[in-house]
Amino acid sequence: MITKVHDVVIVGAGLAGLRAAEVSCKTVDVGIVSKVYPVRSHTVSATGALHISPAPGEDPNEYMRETIKGGDYLNDQDAVEVMAEEGFPELIRLEDMGIVFHRTISGAIIRSSPGGMTTRTATIVSSGWAQELVCTLQEQLYKRRVTFYNEFFVTSLLVKDGICRGITAYDIADGEFYVIRAKAVIIASGGGGRVYSVTSNSHICTGDGTAIAFRAGALLKDMEFVQFHPTVLYGTGILISETARVLGGYLVNAQGERFMDKYAPHFKEMAPRDVVSQGMQKEIDEGRGIEGKYIGIDLRLLRKRFRRSMNIPMFKQRFDAFAELAKNFAFVDIDKELVPVIPGEHFTMGGIKTNIWGETNVKGLFAAGECACTGVQGANREGANALTECVLFGRRAGLKAAEFIKKAELLDFPLESVNSELEKINTLLSSKGNYDVSKIRTQLQDTMWKYSSLFRNQQGLEKCLRIVKDLKEKFKDINIGDSSKTFNTALIYALELENLLDLAECIVLGALNRKEHRGAHYREDFPERDDENWLKHSLFTYNNGNTPILSYEPVIIKDFPPKAREY
Ligand SMILES: Cc1cc2nc3c(=O)[nH]c(=O)nc-3n(C[C@H](O)[C@H](O)[C@H](O)COP(=O)(O)OP(=O)(O)OC[C@H]3O[C@@H](n4cnc5c(N)ncnc54)[C@H](O)[C@@H]3O)c2cc1C
């Protein structure tokens, strides 16, 4: 076992983790741990659209109103205010680091509005991929000699007497076990989309940090709220970004009907993601899907429509990306044929409960990015608000952690917790049980997709919970079939599965209890929003592996009280 010490240790080298590190490393010693190299973090696959809230002189209210309406009024409005106030100054800071945003010839930043919004506050990085954000921030950290622990899998948080004292991690390359002591830990480990069989998320999005924090006593919040993006390529989960619809692509069913008129007469395909996805799934479920299985997105006229703009890199980049994805993965020509799409899991609105400074209920433990739940996204995230959340709340968590450690001491770590983690890994390595990890994982993902995705009901959710609990039992009797210490991916898969199972249980439990339709959570047996009983956040407390304890807390409402939500 190897022991290391830092002032602050950050779990995750995606956008939120790197942003937190960039700001905290100016004053304190930072170590950053990631199960993949930073440039393989999930953020790099994002198209790189983020909201810069109204520039100086513009009114921030419309952006806030639309974000909150999009979130079906479950958003904590203090967090939305942060997004509206700090977006523009953050853009300037990112530019100063070397990130380039699309601008017009006269120098103005090009902005557009994603689904569900009319305010033109979203901008896009010049390369068209969020990789640009990751690479630039990573450079800043190399410059400041931050310590990277790449391809290290964090297995637990070391918490004693309600104070976080560090982490345990497993070096994937050689199987060495590490204790990394710290005065503060920031979790920035991304979402858990791999709970579902149909998802646009990378294979590494297994919600590890969320589950690890949960087992260490951190509260989780709003876990039942999972976003399903309308357009993932049928059969692959690859995202056809919202830009396809922003530019005029539209959805048709098997009868060639442009059906979104029925579900969102004004916004149509440009309604928020929950509304469009639910509309699409209804078409498929009611027998109007193409070949009974998918919806077509019609992009055939786009190149003609934008032919004069094709020399503008931003347009060419986008069209080329759509064309390439459709050709390589669906074998269709976007200029001549419909592209087959279905809704797929895309974003985790719930997560580790934090305030607007990234603080959790565990002292010394902070969280930011998709793994966290500040309450900013409510019941449905609006497009481009995730990367904004990562940079703004990542920065805030970094600042707060650096401030916290000035008064904190390096505390002793609980040796018994370290020993039990070591024992867990050794037990897995020598496991000879009856169940195969990949089979449990596949059954979990299929079950979650079948009973706990776009449309949910009491009977299905009860069945889902029973199956998840059964799979948790089977997990205790697994066989990973590989005891080697070098790049043992079977071990990593098993550790991830444990985390997925814990997250799945919270999602189903929250969904089963919430008897209403709000945003992305649609109960067929309770199809209306119910503010009287359900305008509140769900909170999940770890219960020693038994059914989590569920409680509720009020939504922070300031200037935008709930209204009917029409698009
Ligand atoms: C295809 C796609 C396109 C998108 N496009 C956009 C967009 O244009 N605009 C927008 O706003 N949002 C977009 N999103 C959402 C957005 O990309 C994510 O919400 C965001 O990138 C999450 O960043 P993060 O830093 O929180 O986590 P991630 O980028 O997922 O990083 C997580 C980090 O945690 C590390 N980690 C996880 N578990 C462990 C562990 N056990 N041990 C050690 N390290 C661990 C990983 O190695 C990684 O470094 C998109 C999402 C998808 C799926």
# chains A, B, ... in the order shown; residues from 1 in each chain; ligands from 1
call {"tool": "residues_around", "arguments": {"residues": "range 79-95 of chain A", "least_positions_apart": "3", "cutoff": "6 Å", "atoms": "only C-alpha atoms", "output": "list in words"}}
result
Ile52, Ser53, Ala55, Pro60, Asp76, Gly98, Ile99, Ile356 and Val376 of chain A
call {"tool": "write_last_selection", "arguments": {"atoms": "N, CA and C atoms", "output": "PDB file, in the first residue's frame"}}
result
ATOM      1  N   ILE A  52     -23.567  31.234 -22.048  1.00  0.00           N
ATOM      2  CA  ILE A  52     -22.981  32.367 -21.349  1.00  0.00           C
ATOM      3  C   ILE A  52     -24.173  33.258 -21.098  1.00  0.00           C
ATOM      4  N   SER A  53     -24.474  33.380 -19.838  1.00  0.00           N
ATOM      5  CA  SER A  53     -25.697  34.079 -19.485  1.00  0.00           C
ATOM      6  C   SER A  53     -25.590  35.509 -19.996  1.00  0.00           C
ATOM      7  N   ALA A  55     -24.900  38.885 -21.498  1.00  0.00           N
ATOM      8  CA  ALA A  55     -23.710  39.735 -21.433  1.00  0.00           C
ATOM      9  C   ALA A  55     -24.081  41.037 -20.718  1.00  0.00           C
ATOM     10  N   PRO A  60     -30.967  39.190 -17.511  1.00  0.00           N
ATOM     11  CA  PRO A  60     -30.775  37.759 -17.229  1.00  0.00           C
ATOM     12  C   PRO A  60     -32.079  37.008 -16.955  1.00  0.00           C
ATOM     13  N   ASP A  76     -33.624  24.710  -8.022  1.00  0.00           N
ATOM     14  CA  ASP A  76     -33.364  25.615  -6.904  1.00  0.00           C
ATOM     15  C   ASP A  76     -32.909  26.936  -7.517  1.00  0.00           C
ATOM     16  N   GLY A  98      -7.145  30.530 -23.237  1.00  0.00           N
ATOM     17  CA  GLY A  98      -6.828  30.092 -24.597  1.00  0.00           C
ATOM     18  C   GLY A  98      -7.951  29.347 -25.297  1.00  0.00           C
ATOM     19  N   ILE A  99      -9.139  29.331 -24.697  1.00  0.00           N
ATOM     20  CA  ILE A  99     -10.260  28.639 -25.354  1.00  0.00           C
ATOM     21  C   ILE A  99     -10.921  29.622 -26.327  1.00  0.00           C
ATOM     22  N   ILE A 356     -24.716  25.921  -3.250  1.00  0.00           N
ATOM     23  CA  ILE A 356     -24.173  26.584  -4.446  1.00  0.00           C
ATOM     24  C   ILE A 356     -22.655  26.780  -4.375  1.00  0.00           C
ATOM     25  N   VAL A 376     -29.724  22.916  -9.784  1.00  0.00           N
ATOM     26  CA  VAL A 376     -29.799  23.906 -10.865  1.00  0.00           C
ATOM     27  C   VAL A 376     -30.583  23.397 -12.073  1.00  0.00           C
TER      28      VAL A 376
END
call {"tool": "residues_near_ligand", "arguments": {"ligand": "ligand 1", "cutoff": "7 Å", "atoms": "only C-alpha atoms and all ligand atoms", "output": "ChimeraX atom specification"}}
result
/A:11-17,33-38,41-50,152-155,188-191,200-202,204-209,238-239,241,346-347,368-371,383-388,390
call {"tool": "residues_around", "arguments": {"residues": "Trp534 in chain A", "least_positions_apart": "4", "cutoff": "9 Å", "atoms": "only C-alpha atoms", "output": "number ranges by chain"}}
result
A: 514-516, 518, 529-530
call {"tool": "closest_residue", "arguments": {"among": "A:Ala173, A:Val134, A:Leu74, A:Leu301", "to": "Phe487 in chain A", "atoms": "only C-alpha atoms"}}
result
A:Ala173
call {"tool": "closest_residue", "arguments": {"among": "A:Ile549, A:Ala21, A:Met349, A:Leu454", "to": "Val275 in chain A", "atoms": "only C-alpha atoms"}}
result
A:Leu454
call {"tool": "residues_around", "arguments": {"residues": "Thr121 in chain A", "least_positions_apart": "6", "cutoff": "7 Å", "atoms": "only C-alpha atoms", "output": "ChimeraX atom specification"}}
result
/A:51-54,111-113
call {"tool": "select_by_dssp", "arguments": {"residues": "range 182-424 of chain A", "states": "alpha helix (DSSP H)", "output": "JSON, numbers by chain"}}
result
{"A": [208, 209, 210, 211, 212, 213, 214, 215, 243, 244, 245, 246, 260, 261, 262, 263, 273, 274, 275, 276, 277, 278, 279, 280, 281, 282, 283, 302, 303, 304, 305, 313, 314, 315, 316, 317, 318, 319, 320, 321, 322, 323, 324, 325, 326, 327, 328, 329, 330, 385, 386, 387, 388, 389, 390, 391, 392, 393, 394, 395, 396, 397, 398, 399, 400, 401, 402, 403, 404, 405, 406, 407, 415, 416, 417, 418, 419, 420, 421, 422, 423, 424]}
call {"tool": "closest_residue", "arguments": {"among": "A:Gln140, A:Thr348, A:Thr3, A:Ser24", "to": "Leu415 in chain A", "atoms": "only C-alpha atoms"}}
result
A:Thr3
call {"tool": "closest_residue", "arguments": {"among": "A:Arg40, A:Gly364, A:Arg288, A:Cys25", "to": "Leu411 in chain A", "atoms": "only C-alpha atoms"}}
result
A:Gly364
call {"tool": "residues_around", "arguments": {"residues": "range 333-340 of chain A", "least_positions_apart": "2", "cutoff": "6 Å", "atoms": "only C-alpha atoms", "output": "number ranges by chain"}}
result
A: 234, 295-300, 323, 327
call {"tool": "closest_residue", "arguments": {"among": "A:Tyr178, A:Asp171, A:Ile187, A:Phe101", "to": "Val9 in chain A", "atoms": "only C-alpha atoms"}}
result
A:Ile187
call {"tool": "select_by_dssp", "arguments": {"residues": "range 314-441 of chain A", "states": "strand (DSSP E or B)", "output": "ChimeraX atom specification"}}
result
/A:339-348,351-353,359,363,365-367,372-373,435-436
call {"tool": "atom_distance", "arguments": {"atom1": "CA of Ala408 in chain A", "atom2": "CA of Ile163 in chain A"}}
result
10.4 Å
call {"tool": "residues_around", "arguments": {"residues": "Val232 in chain A", "least_positions_apart": "6", "cutoff": "6 Å", "atoms": "only C-alpha atoms", "output": "PyMOL selection string"}}
result
chain A and resi 238-240+341-344
call {"tool": "write_last_selection", "arguments": {"atoms": "N, CA and C atoms", "output": "PDB file, in the first residue's frame"}}
result
ATOM      1  N   ILE A 238     -25.344   6.562 -30.174  1.00  0.00           N
ATOM      2  CA  ILE A 238     -24.532   7.740 -30.538  1.00  0.00           C
ATOM      3  C   ILE A 238     -25.447   8.949 -30.699  1.00  0.00           C
ATOM      4  N   LEU A 239     -24.998  10.069 -30.115  1.00  0.00           N
ATOM      5  CA  LEU A 239     -25.866  11.249 -30.102  1.00  0.00           C
ATOM      6  C   LEU A 239     -25.881  11.972 -31.441  1.00  0.00           C
ATOM      7  N   ILE A 240     -27.086  12.286 -31.916  1.00  0.00           N
ATOM      8  CA  ILE A 240     -27.234  13.264 -33.000  1.00  0.00           C
ATOM      9  C   ILE A 240     -27.618  14.544 -32.275  1.00  0.00           C
ATOM     10  N   VAL A 341     -33.652   7.495 -35.382  1.00  0.00           N
ATOM     11  CA  VAL A 341     -33.297   7.898 -34.009  1.00  0.00           C
ATOM     12  C   VAL A 341     -34.348   7.422 -33.008  1.00  0.00           C
ATOM     13  N   ILE A 342     -33.915   7.274 -31.765  1.00  0.00           N
ATOM     14  CA  ILE A 342     -34.838   7.018 -30.646  1.00  0.00           C
ATOM     15  C   ILE A 342     -34.351   7.853 -29.453  1.00  0.00           C
ATOM     16  N   PRO A 343     -35.196   8.036 -28.428  1.00  0.00           N
ATOM     17  CA  PRO A 343     -34.701   8.689 -27.224  1.00  0.00           C
ATOM     18  C   PRO A 343     -33.760   7.756 -26.463  1.00  0.00           C
ATOM     19  N   GLY A 344     -32.754   8.335 -25.823  1.00  0.00           N
ATOM     20  CA  GLY A 344     -31.817   7.521 -25.036  1.00  0.00           C
ATOM     21  C   GLY A 344     -31.361   8.292 -23.808  1.00  0.00           C
TER      22      GLY A 344
END
call {"tool": "atom_distance", "arguments": {"atom1": "CA of Thr547 in chain A", "atom2": "CA of Thr168 in chain A"}}
result
25.3 Å
call {"tool": "closest_residue", "arguments": {"among": "A:Glu66, A:Thr354, A:Gly71, A:Ile172", "to": "Thr486 in chain A", "atoms": "only C-alpha atoms"}}
result
A:Ile172
call {"tool": "residues_around", "arguments": {"residues": "Val8 in chain A", "least_positions_apart": "6", "cutoff": "10 Å", "atoms": "only C-alpha atoms", "output": "ChimeraX atom specification"}}
result
/A:21,24-25,28-32,165-166,180-186,364-365,398,401-402,404-405
call {"tool": "atom_distance", "arguments": {"atom1": "CA of His229 in chain A", "atom2": "CA of Asp274 in chain A"}}
result
7.4 Å
